[in-house]
$ cat coords25.cif   # mmCIF, C-alpha atoms and all ligand atoms
data_input
loop_
_atom_site.label_atom_id
_atom_site.label_comp_id
_atom_site.auth_asym_id
_atom_site.auth_seq_id
_atom_site.Cartn_x
_atom_site.Cartn_y
_atom_site.Cartn_z
CA MET N 26 -26.77 16.65 102.78
CA PRO N 27 -30.08 18.34 102.05
CA ALA N 28 -31.14 18.38 98.45
CA PRO N 29 -30.58 21.83 96.95
CA ALA N 30 -33.71 23.82 96.25
CA GLN N 31 -34.89 23.55 92.71
CA PRO N 32 -34.86 26.70 90.58
CA GLY N 33 -38.17 28.48 91.00
CA ALA N 34 -39.10 26.57 94.12
CA ARG N 35 -38.81 29.77 96.11
CA SER N 36 -36.37 32.05 94.37
CA ASP N 37 -33.16 31.66 92.47
CA ARG N 38 -31.23 33.16 95.38
CA VAL N 39 -32.38 30.36 97.63
CA GLY N 40 -31.27 27.92 95.00
CA ASP N 41 -27.85 29.54 94.85
CA ASP N 42 -27.49 29.44 98.62
CA ALA N 43 -28.36 25.78 98.70
CA VAL N 44 -25.79 25.05 96.03
CA TYR N 45 -23.20 27.04 98.01
CA ALA N 46 -24.02 25.10 101.13
CA ALA N 47 -23.73 21.85 99.26
CA VAL N 48 -20.40 22.75 97.68
CA PHE N 49 -18.66 24.78 100.37
CA ALA N 50 -19.84 23.19 103.61
CA PRO N 51 -17.01 21.56 105.58
CA ASP N 52 -16.18 18.29 103.90
CA PRO N 53 -15.19 15.79 106.59
CA ASP N 54 -14.05 13.33 103.95
CA ALA N 55 -11.73 15.77 102.25
CA SER N 56 -8.10 15.70 103.13
CA SER N 57 -5.90 18.66 102.34
CA ALA N 58 -2.78 16.59 102.77
CA PRO N 59 -0.97 15.36 99.69
CA THR N 60 -2.70 12.19 98.64
CA ALA N 61 -2.40 9.55 96.02
CA LEU N 62 -4.80 9.64 93.13
CA THR N 63 -6.05 6.24 94.18
CA ASP N 64 -7.14 7.43 97.62
CA LEU N 65 -10.88 7.66 97.10
CA THR N 66 -11.54 9.25 100.47
CA ALA N 67 -9.33 12.24 99.85
CA ALA N 68 -10.08 15.60 98.31
CA ARG N 69 -9.70 14.60 94.73
CA VAL N 70 -12.58 15.94 92.68
CA LEU N 71 -12.39 19.32 91.05
CA ILE N 72 -15.66 21.25 91.07
CA LEU N 73 -16.10 23.73 88.24
CA ASN N 74 -18.63 26.50 88.12
CA ALA N 75 -21.14 26.34 85.29
CA SER N 76 -18.74 28.72 83.50
CA PHE N 77 -15.96 26.05 83.78
CA GLU N 78 -14.06 28.24 86.24
CA PRO N 79 -12.52 26.08 88.98
CA LEU N 80 -14.37 26.61 92.24
CA HIS N 81 -13.40 24.03 94.76
CA VAL N 82 -11.96 20.62 95.48
CA CYS N 83 -13.99 18.02 97.32
CA SER N 84 -13.93 14.41 98.35
CA VAL N 85 -15.15 11.70 96.04
CA LYS N 86 -17.95 11.03 98.48
CA ARG N 87 -19.23 14.59 98.25
CA ALA N 88 -18.87 14.66 94.47
CA VAL N 89 -20.91 11.49 94.17
CA ASN N 90 -23.49 13.02 96.48
CA LEU N 91 -23.65 16.16 94.32
CA LEU N 92 -24.02 14.01 91.22
CA MET N 93 -26.85 12.02 92.76
CA HIS N 94 -28.63 15.23 93.76
CA ASP N 95 -28.24 16.45 90.20
CA VAL N 96 -26.33 19.54 91.36
CA VAL N 97 -23.35 18.75 89.15
CA GLU N 98 -22.68 16.88 85.97
CA ARG N 99 -19.68 14.80 85.04
CA VAL N 100 -16.98 16.48 83.00
CA GLU N 101 -14.11 14.02 83.39
CA ASP N 102 -14.06 10.61 84.97
CA SER N 103 -11.08 9.08 86.68
CA ARG N 104 -9.92 5.60 85.85
CA HIS N 105 -11.41 4.34 89.09
CA VAL N 106 -14.80 2.84 89.75
CA LEU N 107 -16.86 2.50 92.88
CA ARG N 108 -18.52 -0.88 93.16
CA THR N 109 -21.95 -1.24 94.60
CA PRO N 110 -23.68 -4.60 94.83
CA SER N 111 -25.52 -3.94 91.60
CA THR N 112 -23.50 -1.42 89.59
CA LEU N 113 -20.13 0.02 88.78
CA PHE N 114 -20.00 3.76 89.30
CA PRO N 115 -17.20 5.66 87.57
CA VAL N 116 -15.40 7.91 90.05
CA PRO N 117 -15.51 11.48 88.77
CA SER N 118 -12.36 13.55 88.45
CA VAL N 119 -13.95 16.83 87.37
CA VAL N 120 -17.58 17.84 87.84
CA ARG N 121 -19.39 20.99 86.85
CA LEU N 122 -22.21 22.82 88.59
CA LYS N 123 -25.37 22.81 86.54
CA ARG N 124 -26.06 26.39 87.51
CA TYR N 125 -23.66 29.26 87.82
CA VAL N 126 -22.96 30.49 91.33
CA ARG N 127 -21.08 33.57 92.32
CA ARG N 128 -18.20 32.96 94.66
CA PRO N 129 -19.23 33.34 98.29
CA HIS N 130 -16.62 36.03 98.71
CA ARG N 131 -13.49 37.18 97.01
CA GLN N 132 -10.62 35.18 98.37
CA ARG N 133 -7.68 37.43 99.01
CA VAL N 134 -4.39 35.79 98.32
CA ALA N 135 -1.97 35.92 101.23
CA PHE N 136 1.27 37.70 100.45
CA ASN N 137 4.06 35.27 101.21
CA ARG N 138 7.10 33.76 99.60
CA ARG N 139 5.38 30.64 98.32
CA ASN N 140 2.53 32.59 96.74
CA VAL N 141 4.89 35.05 95.05
CA PHE N 142 6.70 32.08 93.49
CA ARG N 143 3.37 30.64 92.38
CA ARG N 144 2.26 33.93 90.88
CA ASP N 145 5.56 34.16 89.02
CA ASP N 146 5.23 30.58 87.76
CA GLN N 147 8.39 29.57 89.68
CA ARG N 148 10.42 31.66 87.24
CA CYS N 149 12.95 34.38 87.77
CA GLN N 150 11.21 37.55 86.60
CA TYR N 151 14.41 38.93 85.11
CA CYS N 152 15.93 36.08 83.10
CA GLY N 153 12.80 33.93 82.89
CA GLU N 154 14.54 30.78 84.06
CA ARG N 155 12.89 28.25 86.30
CA ALA N 156 15.22 27.87 89.25
CA HIS N 157 15.17 25.73 92.35
CA ASP N 158 16.98 28.39 94.33
CA LEU N 159 14.59 31.26 93.71
CA THR N 160 14.71 34.13 96.10
CA LEU N 161 12.62 37.24 96.51
CA ASP N 162 13.75 40.49 94.95
CA HIS N 163 12.51 43.93 95.92
CA VAL N 164 12.11 45.69 92.57
CA VAL N 165 12.70 49.04 94.20
CA PRO N 166 15.26 48.07 96.85
CA ARG N 167 14.24 48.19 100.47
CA SER N 168 17.11 50.57 101.10
CA ARG N 169 15.32 53.04 98.80
CA GLY N 170 12.04 52.65 100.58
CA GLY N 171 10.65 49.93 98.33
CA PRO N 172 7.78 48.21 100.11
CA THR N 173 7.42 44.49 100.70
CA SER N 174 4.26 44.02 98.68
CA TRP N 175 2.81 42.13 95.75
CA GLU N 176 3.64 45.11 93.52
CA ASN N 177 7.29 45.42 94.55
CA VAL N 178 8.44 41.85 95.16
CA VAL N 179 9.18 39.26 92.48
CA ALA N 180 10.75 35.83 92.17
CA CYS N 181 14.40 36.10 91.25
CA CYS N 182 17.20 33.58 90.72
CA ARG N 183 20.40 33.88 92.73
CA ALA N 184 22.43 34.95 89.73
CA CYS N 185 20.10 37.80 88.78
CA ASN N 186 19.75 38.78 92.41
CA ALA N 187 23.52 39.07 92.75
CA ARG N 188 23.76 41.01 89.50
CA LYS N 189 21.00 43.47 90.34
CA ARG N 190 22.31 44.27 93.81
CA ASP N 191 20.82 47.36 95.42
CA ARG N 192 19.63 48.90 92.21
CA THR N 193 16.37 49.49 90.43
CA PRO N 194 15.73 47.50 87.24
CA GLU N 195 16.45 50.64 85.22
CA GLU N 196 19.79 51.23 86.90
CA ALA N 197 20.76 47.59 86.54
CA ARG N 198 19.40 47.48 82.98
CA MET N 199 17.43 44.40 83.89
CA ALA N 200 13.87 44.47 82.61
CA LEU N 201 11.07 42.73 84.41
CA ARG N 202 9.23 40.21 82.28
CA ARG N 203 5.90 41.54 83.47
CA ALA N 204 4.60 44.05 85.96
CA PRO N 205 4.09 42.44 89.35
CA LEU N 206 0.47 42.61 90.48
CA ALA N 207 -1.49 41.26 93.39
CA PRO N 208 -3.37 38.19 92.18
CA VAL N 209 -7.11 38.34 92.68
CA PHE N 210 -7.45 34.65 93.15
CA MET N 211 -5.05 31.77 93.12
CA PHE N 212 -6.41 28.31 93.15
CA THR N 213 -3.63 26.58 95.05
CA ALA N 214 -3.39 29.40 97.57
CA ALA N 215 -7.04 28.87 98.38
CA TYR N 216 -7.07 25.11 98.27
CA GLY N 217 -3.55 24.05 99.06
CA ILE N 218 -0.79 22.59 97.02
CA LEU N 219 -1.86 19.98 94.57
CA PRO N 220 1.25 17.82 94.47
CA ASP N 221 0.02 15.32 91.96
CA VAL N 222 -2.57 17.19 90.00
CA ASP N 223 -4.77 14.81 88.13
CA PRO N 224 -3.82 15.36 84.47
CA ALA N 225 -7.53 15.64 83.75
CA TRP N 226 -7.59 18.86 85.79
CA GLU N 227 -4.89 20.64 83.83
CA ALA N 228 -7.22 22.00 81.19
CA TYR N 229 -9.44 23.61 83.84
CA LEU N 230 -6.93 25.17 86.18
CA PRO N 231 -5.64 28.68 85.48
CA ARG N 232 -2.04 29.05 84.40
CA THR N 233 -1.22 30.86 87.62
CA ARG N 234 -2.38 28.31 90.07
ZN ZN N 301 17.39 35.16 86.77
#
$ encode --input "coords25.cif" --output "structure tokens"
Amino acid sequence: MPAPAQPGARSDRVGDDAVYAAVFAPDPDASSAPTALTDLTAARVLILNASFEPLHVCSVKRAVNLLMHDVVERVEDSRHVLRTPSTLFPVPSVVRLKRYVRRPHRQRVAFNRRNVFRRDDQRCQYCGERAHDLTLDHVVPRSRGGPTSWENVVACCRACNARKRDRTPEEARMALRRAPLAPVFMFTAAYGILPDVDPAWEAYLPRTR
């Protein structure tokens, strides 16, 4: 990995681009598959922007590389250490970019069942219960021309779904807990499911992951 340009070496933009390249380039060591926390080759390090906003997930190898190039600083260490012949190197769990970068582009969140459930925090949007048998409810029923969209589809438990039937929330006297909106960015939609999120990450990930 080339060392990122230093601020002022040419221009700040160049510096930003180099940081982007360092952070977002394909990471051959990163695995998107569910992995154990102890798997040091997998994608297990959370990269935060300088603003502490979560940006990306990378392999330990890349994170160590970014640390050595002084692109990031340690925020949280894992309980693991890498041994070199002469030193013990704590394996980072969360690192933070030393300079703020703008996202390369706005990630649009795909509209699908799984992402609607994530947006709605795996809760029925009528009764608020977390259910394992969530289904999708068209707020304005399809039979009334309600579209299948972020703004008209919510997570709904079977009981509420059966109660609401082909009615609007007003007709069924069932209030939505919040107005459904298209999420601008969802961390897990962009970077996959994090089945065993490192507890050290919790404080840095948005509520709607
Ligand atoms: Zn419900």
$ residues_near_ligand --input "coords25.cif" --ligand "ligand ZN 301 (chain N)" --cutoff "7 Å" --atoms "only C-alpha atoms and all ligand atoms" --output "VMD selection string"
chain N and resid 149 to 154 181 to 185
$ atom_distance --input "coords25.cif" --atom1 "CA of Gly170 in chain N" --atom2 "CA of Thr193 in chain N"
11.5 Å
$ residues_near_point --input "coords25.cif" --point "(22.0, 51.1, 96.2)" --cutoff "8 Å" --atoms "all atoms listed in the file" --output "MDAnalysis selection string"
chainID N and resid 166 168:169 190:192
$ write_last_selection --input "coords25.cif" --atoms "C-alpha atoms" --output "JSON list (two decimals), in the coordinates of the input"
[["chain", "number", "residue", "atom", "x", "y", "z"],
["N", 166, "PRO", "CA", 15.26, 48.07, 96.85],
["N", 168, "SER", "CA", 17.11, 50.57, 101.10],
["N", 169, "ARG", "CA", 15.32, 53.04, 98.80],
["N", 190, "ARG", "CA", 22.31, 44.27, 93.81],
["N", 191, "ASP", "CA", 20.82, 47.36, 95.42],
["N", 192, "ARG", "CA", 19.63, 48.90, 92.21]]
$ residues_around --input "coords25.cif" --residues "range 109-118 of chain N" --least-positions-apart "6" --cutoff "8 Å" --atoms "only C-alpha atoms" --output "PyMOL selection string"
chain N and resi 69-71+85+88-89+99-103+223+225-226
$ write_last_selection --input "coords25.cif" --atoms "C-alpha atoms" --output "tab-separated table (two decimals), keeping the file's coordinate frame"
chain	number	residue	atom	x	y	z
N	69	ARG	CA	-9.70	14.60	94.73
N	70	VAL	CA	-12.58	15.94	92.68
N	71	LEU	CA	-12.39	19.32	91.05
N	85	VAL	CA	-15.15	11.70	96.04
N	88	ALA	CA	-18.87	14.66	94.47
N	89	VAL	CA	-20.91	11.49	94.17
N	99	ARG	CA	-19.68	14.80	85.04
N	100	VAL	CA	-16.98	16.48	83.00
N	101	GLU	CA	-14.11	14.02	83.39
N	102	ASP	CA	-14.06	10.61	84.97
N	103	SER	CA	-11.08	9.08	86.68
N	223	ASP	CA	-4.77	14.81	88.13
N	225	ALA	CA	-7.53	15.64	83.75
N	226	TRP	CA	-7.59	18.86	85.79
$ residues_around --input "coords25.cif" --residues "Ala180 in chain N" --least-positions-apart "3" --cutoff "10 Å" --atoms "all atoms listed in the file" --output "PyMOL selection string"
chain N and resi 138-151+153+155-156+158-164+183+186+205
$ atom_distance --input "coords25.cif" --atom1 "CA of Leu230 in chain N" --atom2 "CA of Asn177 in chain N"
26.1 Å
$ atom_distance --input "coords25.cif" --atom1 "CA of Tyr45 in chain N" --atom2 "CA of Arg104 in chain N"
28.0 Å
$ closest_residue --input "coords25.cif" --among "N:Val119, N:Val106, N:Val165, N:Ala75" --to "Val44 in chain N" --atoms "all atoms listed in the file"
N:Ala75
$ residues_around --input "coords25.cif" --residues "Val96 in chain N" --least-positions-apart "6" --cutoff "8 Å" --atoms "all atoms listed in the file" --output "PyMOL selection string"
chain N and resi 29+44+122-124
$ closest_residue --input "coords25.cif" --among "N:Leu107, N:Val126, N:Met199, N:Leu92" --to "Glu78 in chain N" --atoms "all atoms listed in the file"
N:Val126
$ axis_aligned_box --input "coords25.cif" --around "range 161-175 of chain N" --padding-each-side "6 Å" --output "JSON"
{"center_x": 10.0, "center_y": 45.1, "center_z": 96.8, "size_x": 26.3, "size_y": 27.8, "size_z": 20.5}
$ decode --input "coords25.cif" --residues "range 140-233 of chain N" --atoms "C-alpha atoms" --output "short mmCIF file (atom, residue, chain, number, x, y, z; two decimals), in the first residue's frame"
data_model
loop_
_atom_site.label_atom_id
_atom_site.label_comp_id
_atom_site.auth_asym_id
_atom_site.auth_seq_id
_atom_site.Cartn_x
_atom_site.Cartn_y
_atom_site.Cartn_z
CA ASN N 140 -33.30 -3.79 5.02
CA VAL N 141 -36.85 -2.74 5.94
CA PHE N 142 -36.58 -4.94 9.04
CA ARG N 143 -33.22 -3.37 9.85
CA ARG N 144 -34.56 0.14 9.42
CA ASP N 145 -37.46 -0.72 11.70
CA ASP N 146 -35.13 -2.21 14.30
CA GLN N 147 -36.75 -5.66 13.85
CA ARG N 148 -39.89 -4.28 15.51
CA CYS N 149 -43.48 -4.26 14.43
CA GLN N 150 -44.22 -0.63 13.61
CA TYR N 151 -47.73 -0.86 15.04
CA CYS N 152 -47.35 -2.60 18.40
CA GLY N 153 -43.61 -2.05 18.81
CA GLU N 154 -42.88 -5.67 19.62
CA ARG N 155 -39.79 -7.45 18.43
CA ALA N 156 -41.05 -10.51 16.61
CA HIS N 157 -39.36 -13.40 14.88
CA ASP N 158 -42.20 -13.72 12.41
CA LEU N 159 -42.19 -10.17 11.10
CA THR N 160 -43.80 -9.58 7.78
CA LEU N 161 -44.06 -6.55 5.54
CA ASP N 162 -47.12 -4.34 5.70
CA HIS N 163 -48.18 -1.88 3.03
CA VAL N 164 -49.32 1.15 5.04
CA VAL N 165 -51.68 2.16 2.27
CA PRO N 166 -52.78 -1.27 1.02
CA ARG N 167 -51.67 -2.39 -2.39
CA SER N 168 -55.32 -2.84 -3.32
CA ARG N 169 -55.70 0.93 -2.86
CA GLY N 170 -52.72 1.71 -5.01
CA GLY N 171 -50.19 1.88 -2.18
CA PRO N 172 -46.70 1.56 -3.63
CA THR N 173 -44.05 -0.92 -2.55
CA SER N 174 -41.52 1.61 -1.36
CA TRP N 175 -39.54 2.69 1.68
CA GLU N 176 -42.27 5.23 2.46
CA ASN N 177 -45.19 2.80 2.30
CA VAL N 178 -43.81 -0.48 3.65
CA VAL N 179 -43.07 -1.25 7.29
CA ALA N 180 -42.20 -4.23 9.46
CA CYS N 181 -45.30 -5.72 11.01
CA CYS N 182 -45.97 -8.71 13.26
CA ARG N 183 -48.43 -11.38 12.15
CA ALA N 184 -50.99 -10.38 14.74
CA CYS N 185 -51.05 -6.72 13.73
CA ASN N 186 -51.00 -7.68 10.07
CA ALA N 187 -54.07 -9.86 10.55
CA ARG N 188 -55.81 -7.13 12.54
CA LYS N 189 -55.10 -4.35 10.06
CA ARG N 190 -56.24 -6.32 7.02
CA ASP N 191 -56.82 -4.27 3.90
CA ARG N 192 -57.20 -0.98 5.69
CA THR N 193 -55.21 2.17 6.19
CA PRO N 194 -53.83 2.84 9.68
CA GLU N 195 -56.55 5.45 10.18
CA GLU N 196 -59.34 3.05 9.26
CA ALA N 197 -57.87 0.31 11.43
CA ARG N 198 -57.12 2.80 14.23
CA MET N 199 -53.59 1.51 14.36
CA ALA N 200 -51.00 4.26 14.59
CA LEU N 201 -47.55 3.88 13.15
CA ARG N 202 -44.80 4.38 15.68
CA ARG N 203 -42.90 6.58 13.26
CA ALA N 204 -43.18 7.73 9.68
CA PRO N 205 -41.41 5.32 7.36
CA LEU N 206 -38.59 6.97 5.45
CA ALA N 207 -35.91 5.80 3.08
CA PRO N 208 -32.68 5.52 5.05
CA VAL N 209 -29.82 7.54 3.66
CA PHE N 210 -27.21 5.13 4.83
CA MET N 211 -27.29 1.89 6.71
CA PHE N 212 -24.09 0.43 7.92
CA THR N 213 -24.97 -3.24 7.71
CA ALA N 214 -26.64 -2.82 4.33
CA ALA N 215 -23.39 -1.43 3.01
CA TYR N 216 -21.04 -3.78 4.78
CA GLY N 217 -23.04 -6.91 5.40
CA ILE N 218 -24.50 -8.45 8.47
CA LEU N 219 -22.31 -8.29 11.50
CA PRO N 220 -23.41 -11.44 13.29
CA ASP N 221 -21.16 -11.10 16.28
CA VAL N 222 -20.53 -7.42 16.52
CA ASP N 223 -17.54 -6.74 18.67
CA PRO N 224 -19.02 -5.13 21.81
CA ALA N 225 -16.37 -2.43 21.43
CA TRP N 226 -18.11 -1.34 18.21
CA GLU N 227 -21.52 -0.79 19.74
CA ALA N 228 -20.83 2.76 20.86
CA TYR N 229 -19.83 3.77 17.33
CA LEU N 230 -22.49 2.16 15.21
CA PRO N 231 -25.74 4.02 14.54
CA ARG N 232 -28.88 2.69 16.17
CA THR N 233 -30.30 1.80 12.77
#
